[in-house]
Amino acid sequence: MTRYSKVIGTGAYLPPNIRTNEQISETVDTSDSWIYERTGIKSRRIAGPNESAASMAEIAARLALDAANCDANSIDLIIVATGTPDRVYPSTGCLLQQRLEIKNCVAFDIQAACSGSIFALSIADQYIKSGAAKTVLIVGTEICSRIVDWSDRSTCILFGDGAGAVLLSASNEAGILSTHIHSDGEYEDLLYCPNPQVATDLNKHETGVINMRGNEVFKVAVNTLGKIVDETLEANNMDKSDIDWLVPHQANIRIIMATAKKLKMSMDQVVVTLENQGNTSSASVLIAFNEAVRDGRIQRGQVVLLEAFGAGFTWGSALLKY
Ligand code: ACO
């Protein structure tokens, strides 16, 4: 009998503090209309001084556990996707394990920038399918606001903070149908965030903020996400019309619309959260997925395509039957 990874619970957390486009336009030369027209973003959430990737992850994780009616002690693996960990080490996964007060599980982080949650889903699925794990908690959590240069109008308009979680369990019923992940380190210069604390002669003058050549990233993202859609459908012998929901990484409404067009999907079948959240990097897909599950748009038995693209470049998809 085939062993699947089934979604048994989802959760998300967004910090209450809102930063609007108007507020940003008070400090850099931009406007609400420029930002909204080019990105689809109106506001984003900014974590408070006492919040961190781990603290937000805990709230999202507890909500996912509650939704699944599952005790934290049944988790055998925690995978946290983050580019803004509380500490270099221990991993945010270990910090989350501590916060959940559990001991008998493995916990680690993965770093794949905005594609992090898709990479985590792929790893979790391999563990579950092979029988190495039964219950896996995945969290994407980011405090992007702390690695954004708030004087750089080309990046500070895009990012926001938050966490999304999903709990997977081994099941005989269909769940994750396939995952597809890719990396190409050739594109480092188009999108990166230095780590000045670990300075080398190559980066010693850099500050730890996001650097992005947005227009070039945009073009590669549109092209690549189109290809990942084809790859996913082909691997499952499916047609575009078999997909009920698209849950994309929330980077830019124009990138999302291009992917929906490629799938010949109406925007009514696309989960969009970026208007009031911005790009929460590795958290965005799971936050959007949680929202559509909780408001009843995504129903049990429906086919959902999650996809993301981020620094590296990294990109990937996960096709699942909810
Ligand atoms: N307000 C006003 N003008 C601006 C702003 C702003 N906030 N930002 C840039 N501009 C100006 C530029 O200076 C430029 O002016 P110029 O023509 O005089 O030189 C002009 O607007 C056009 O700039 P572009 O960069 O070509 O604008 P574009 O339409 O590409 O939009 C954006 C920029 C929104 C950043 C877009 O390129 C984008 O969304 N890129 C993709 C981002 C992404 O997907 N990132 C991947 C995930 S992130 C991760 O992995 C961490």
# chains A, B, ... in the order shown; residues from 1 in each chain; ligands from 1
>>> residues_around(residues="range 21-35 of chain A", least_positions_apart="6", cutoff="10 Å", atoms="only C-alpha atoms", output="PDB file with all heavy atoms, in the first residue's frame")
ATOM      1  N   ILE A  41       1.099  44.998  -3.407  1.00  0.00           N
ATOM      2  CA  ILE A  41       1.212  45.089  -1.933  1.00  0.00           C
ATOM      3  C   ILE A  41       0.705  46.453  -1.441  1.00  0.00           C
ATOM      4  O   ILE A  41       1.003  47.491  -2.041  1.00  0.00           O
ATOM      5  CB  ILE A  41       2.677  44.892  -1.488  1.00  0.00           C
ATOM      6  CG1 ILE A  41       3.180  43.509  -1.903  1.00  0.00           C
ATOM      7  CG2 ILE A  41       2.821  45.077   0.033  1.00  0.00           C
ATOM      8  CD1 ILE A  41       4.693  43.327  -1.802  1.00  0.00           C
ATOM      9  N   LYS A  42      -0.076  46.413  -0.344  1.00  0.00           N
ATOM     10  CA  LYS A  42      -0.569  47.666   0.277  1.00  0.00           C
ATOM     11  C   LYS A  42       0.063  47.876   1.654  1.00  0.00           C
ATOM     12  O   LYS A  42       0.304  48.994   2.071  1.00  0.00           O
ATOM     13  CB  LYS A  42      -2.090  47.614   0.444  1.00  0.00           C
ATOM     14  CG  LYS A  42      -2.865  47.826  -0.843  1.00  0.00           C
ATOM     15  CD  LYS A  42      -3.869  48.959  -0.649  1.00  0.00           C
ATOM     16  CE  LYS A  42      -4.288  49.606  -1.947  1.00  0.00           C
ATOM     17  NZ  LYS A  42      -3.894  50.984  -2.084  1.00  0.00           N
ATOM     18  N   SER A  43       0.256  46.765   2.369  1.00  0.00           N
ATOM     19  CA  SER A  43       0.860  46.864   3.705  1.00  0.00           C
ATOM     20  C   SER A  43       1.515  45.536   4.041  1.00  0.00           C
ATOM     21  O   SER A  43       1.302  44.527   3.354  1.00  0.00           O
ATOM     22  CB  SER A  43      -0.206  47.206   4.752  1.00  0.00           C
ATOM     23  OG  SER A  43      -1.121  46.139   4.862  1.00  0.00           O
ATOM     24  N   ARG A  44       2.328  45.565   5.089  1.00  0.00           N
ATOM     25  CA  ARG A  44       2.997  44.352   5.549  1.00  0.00           C
ATOM     26  C   ARG A  44       3.028  44.394   7.073  1.00  0.00           C
ATOM     27  O   ARG A  44       2.840  45.452   7.682  1.00  0.00           O
ATOM     28  CB  ARG A  44       4.406  44.189   4.951  1.00  0.00           C
ATOM     29  CG  ARG A  44       5.470  45.160   5.326  1.00  0.00           C
ATOM     30  CD  ARG A  44       5.315  46.560   4.765  1.00  0.00           C
ATOM     31  NE  ARG A  44       5.457  46.684   3.314  1.00  0.00           N
ATOM     32  CZ  ARG A  44       4.721  47.498   2.555  1.00  0.00           C
ATOM     33  NH1 ARG A  44       3.810  48.313   3.099  1.00  0.00           N
ATOM     34  NH2 ARG A  44       4.875  47.556   1.271  1.00  0.00           N
ATOM     35  N   TRP A 150      15.899  49.764   5.142  1.00  0.00           N
ATOM     36  CA  TRP A 150      14.687  50.594   5.067  1.00  0.00           C
ATOM     37  C   TRP A 150      14.916  51.921   4.325  1.00  0.00           C
ATOM     38  O   TRP A 150      13.992  52.710   4.179  1.00  0.00           O
ATOM     39  CB  TRP A 150      14.096  50.814   6.463  1.00  0.00           C
ATOM     40  CG  TRP A 150      13.448  49.535   6.944  1.00  0.00           C
ATOM     41  CD1 TRP A 150      13.984  48.612   7.795  1.00  0.00           C
ATOM     42  CD2 TRP A 150      12.180  48.998   6.536  1.00  0.00           C
ATOM     43  NE1 TRP A 150      13.121  47.538   7.941  1.00  0.00           N
ATOM     44  CE2 TRP A 150      12.009  47.757   7.190  1.00  0.00           C
ATOM     45  CE3 TRP A 150      11.155  49.442   5.676  1.00  0.00           C
ATOM     46  CZ2 TRP A 150      10.875  46.957   7.020  1.00  0.00           C
ATOM     47  CZ3 TRP A 150      10.013  48.651   5.512  1.00  0.00           C
ATOM     48  CH2 TRP A 150       9.892  47.438   6.177  1.00  0.00           C
ATOM     49  N   SER A 151      16.167  52.109   3.846  1.00  0.00           N
ATOM     50  CA  SER A 151      16.397  53.295   3.003  1.00  0.00           C
ATOM     51  C   SER A 151      16.496  52.904   1.522  1.00  0.00           C
ATOM     52  O   SER A 151      16.721  53.753   0.670  1.00  0.00           O
ATOM     53  CB  SER A 151      17.673  54.024   3.445  1.00  0.00           C
ATOM     54  OG  SER A 151      18.799  53.202   3.213  1.00  0.00           O
ATOM     55  N   ASP A 152      16.343  51.607   1.220  1.00  0.00           N
ATOM     56  CA  ASP A 152      16.420  51.133  -0.167  1.00  0.00           C
ATOM     57  C   ASP A 152      15.005  50.892  -0.692  1.00  0.00           C
ATOM     58  O   ASP A 152      14.381  49.875  -0.392  1.00  0.00           O
ATOM     59  CB  ASP A 152      17.260  49.840  -0.217  1.00  0.00           C
ATOM     60  CG  ASP A 152      17.274  49.211  -1.606  1.00  0.00           C
ATOM     61  OD1 ASP A 152      16.764  49.833  -2.561  1.00  0.00           O
ATOM     62  OD2 ASP A 152      17.789  48.078  -1.723  1.00  0.00           O
ATOM     63  N   ARG A 153      14.526  51.832  -1.497  1.00  0.00           N
ATOM     64  CA  ARG A 153      13.114  51.751  -1.934  1.00  0.00           C
ATOM     65  C   ARG A 153      12.843  50.553  -2.851  1.00  0.00           C
ATOM     66  O   ARG A 153      11.691  50.168  -3.042  1.00  0.00           O
ATOM     67  CB  ARG A 153      12.705  53.043  -2.633  1.00  0.00           C
ATOM     68  CG  ARG A 153      13.400  53.266  -3.973  1.00  0.00           C
ATOM     69  CD  ARG A 153      12.883  54.495  -4.665  1.00  0.00           C
ATOM     70  NE  ARG A 153      13.507  54.640  -5.975  1.00  0.00           N
ATOM     71  CZ  ARG A 153      13.194  55.548  -6.848  1.00  0.00           C
ATOM     72  NH1 ARG A 153      12.267  56.441  -6.567  1.00  0.00           N
ATOM     73  NH2 ARG A 153      13.794  55.603  -8.009  1.00  0.00           N
ATOM     74  N   SER A 154      13.895  49.982  -3.440  1.00  0.00           N
ATOM     75  CA  SER A 154      13.634  48.872  -4.356  1.00  0.00           C
ATOM     76  C   SER A 154      13.433  47.541  -3.623  1.00  0.00           C
ATOM     77  O   SER A 154      12.948  46.571  -4.211  1.00  0.00           O
ATOM     78  CB  SER A 154      14.760  48.751  -5.390  1.00  0.00           C
ATOM     79  OG  SER A 154      15.962  48.404  -4.751  1.00  0.00           O
ATOM     80  N   CYS A 156      12.686  47.590   0.273  1.00  0.00           N
ATOM     81  CA  CYS A 156      11.965  47.710   1.550  1.00  0.00           C
ATOM     82  C   CYS A 156      10.446  47.681   1.380  1.00  0.00           C
ATOM     83  O   CYS A 156       9.716  47.416   2.330  1.00  0.00           O
ATOM     84  CB  CYS A 156      12.396  48.962   2.312  1.00  0.00           C
ATOM     85  SG  CYS A 156      11.739  50.504   1.654  1.00  0.00           S
ATOM     86  N   ILE A 157       9.986  47.909   0.159  1.00  0.00           N
ATOM     87  CA  ILE A 157       8.539  47.894  -0.106  1.00  0.00           C
ATOM     88  C   ILE A 157       7.981  46.475  -0.168  1.00  0.00           C
ATOM     89  O   ILE A 157       6.765  46.277  -0.107  1.00  0.00           O
ATOM     90  CB  ILE A 157       8.235  48.609  -1.447  1.00  0.00           C
ATOM     91  CG1 ILE A 157       9.033  47.915  -2.581  1.00  0.00           C
ATOM     92  CG2 ILE A 157       8.581  50.090  -1.355  1.00  0.00           C
ATOM     93  CD1 ILE A 157       8.565  48.245  -3.962  1.00  0.00           C
ATOM     94  N   LEU A 158       8.883  45.490  -0.304  1.00  0.00           N
ATOM     95  CA  LEU A 158       8.411  44.144  -0.662  1.00  0.00           C
ATOM     96  C   LEU A 158       8.136  43.225   0.520  1.00  0.00           C
ATOM     97  O   LEU A 158       7.228  42.401   0.453  1.00  0.00           O
ATOM     98  CB  LEU A 158       9.454  43.447  -1.558  1.00  0.00           C
ATOM     99  CG  LEU A 158       9.733  44.094  -2.902  1.00  0.00           C
ATOM    100  CD1 LEU A 158      10.904  43.392  -3.590  1.00  0.00           C
ATOM    101  CD2 LEU A 158       8.505  44.035  -3.793  1.00  0.00           C
TER     102      LEU A 158
END
>>> residues_near_ligand(ligand="ligand 1", cutoff="7 Å", atoms="only C-alpha atoms and all ligand atoms", output="PyMOL selection string")
chain A and resi 29-31+34-35+38-39+113-114+153-155+157+191+213-218+221+251-252+281+309-311
>>> select_by_dssp(residues="range 163-205 of chain A", states="strand (DSSP E)", output="list in words")
Ala163, Gly164, Ala165, Val166, Leu167, Leu168, Ser169, Ala170, Ser171, Ile176, Leu177, Ser178, Thr179, His180, Ile181, His182, Ser183, Leu191 and Tyr192 of chain A
>>> write_last_selection(atoms="C-alpha atoms", output="CSV table (one decimal), in the first residue's frame")
chain,number,residue,atom,x,y,z
A,163,ALA,CA,5.2,32.3,10.2
A,164,GLY,CA,3.2,29.4,8.6
A,165,ALA,CA,3.0,25.8,9.8
A,166,VAL,CA,1.8,22.5,8.4
A,167,LEU,CA,1.6,19.2,10.2
A,168,LEU,CA,2.0,16.1,8.1
A,169,SER,CA,1.2,12.5,9.0
A,170,ALA,CA,1.7,9.2,7.3
A,171,SER,CA,-1.5,8.0,5.7
A,176,ILE,CA,1.4,14.8,-1.2
A,177,LEU,CA,1.5,13.5,-4.8
A,178,SER,CA,4.9,14.8,-5.7
A,179,THR,CA,7.5,17.4,-4.9
A,180,HIS,CA,10.0,19.0,-7.3
A,181,ILE,CA,12.9,21.1,-6.1
A,182,HIS,CA,15.8,22.8,-7.9
A,183,SER,CA,18.8,25.1,-7.2
A,191,LEU,CA,19.5,38.3,-4.9
A,192,TYR,CA,21.5,37.8,-1.7
>>> residues_around(residues="Ile138 in chain A", least_positions_apart="5", cutoff="12 Å", atoms="only C-alpha atoms", output="NGL selection string")
:A and (7-12 or 57-58 or 60-62 or 64-65 or 75-82 or 92-93 or 96-97 or 107-110 or 116-125 or 163-169 or 282-283 or 285-287)
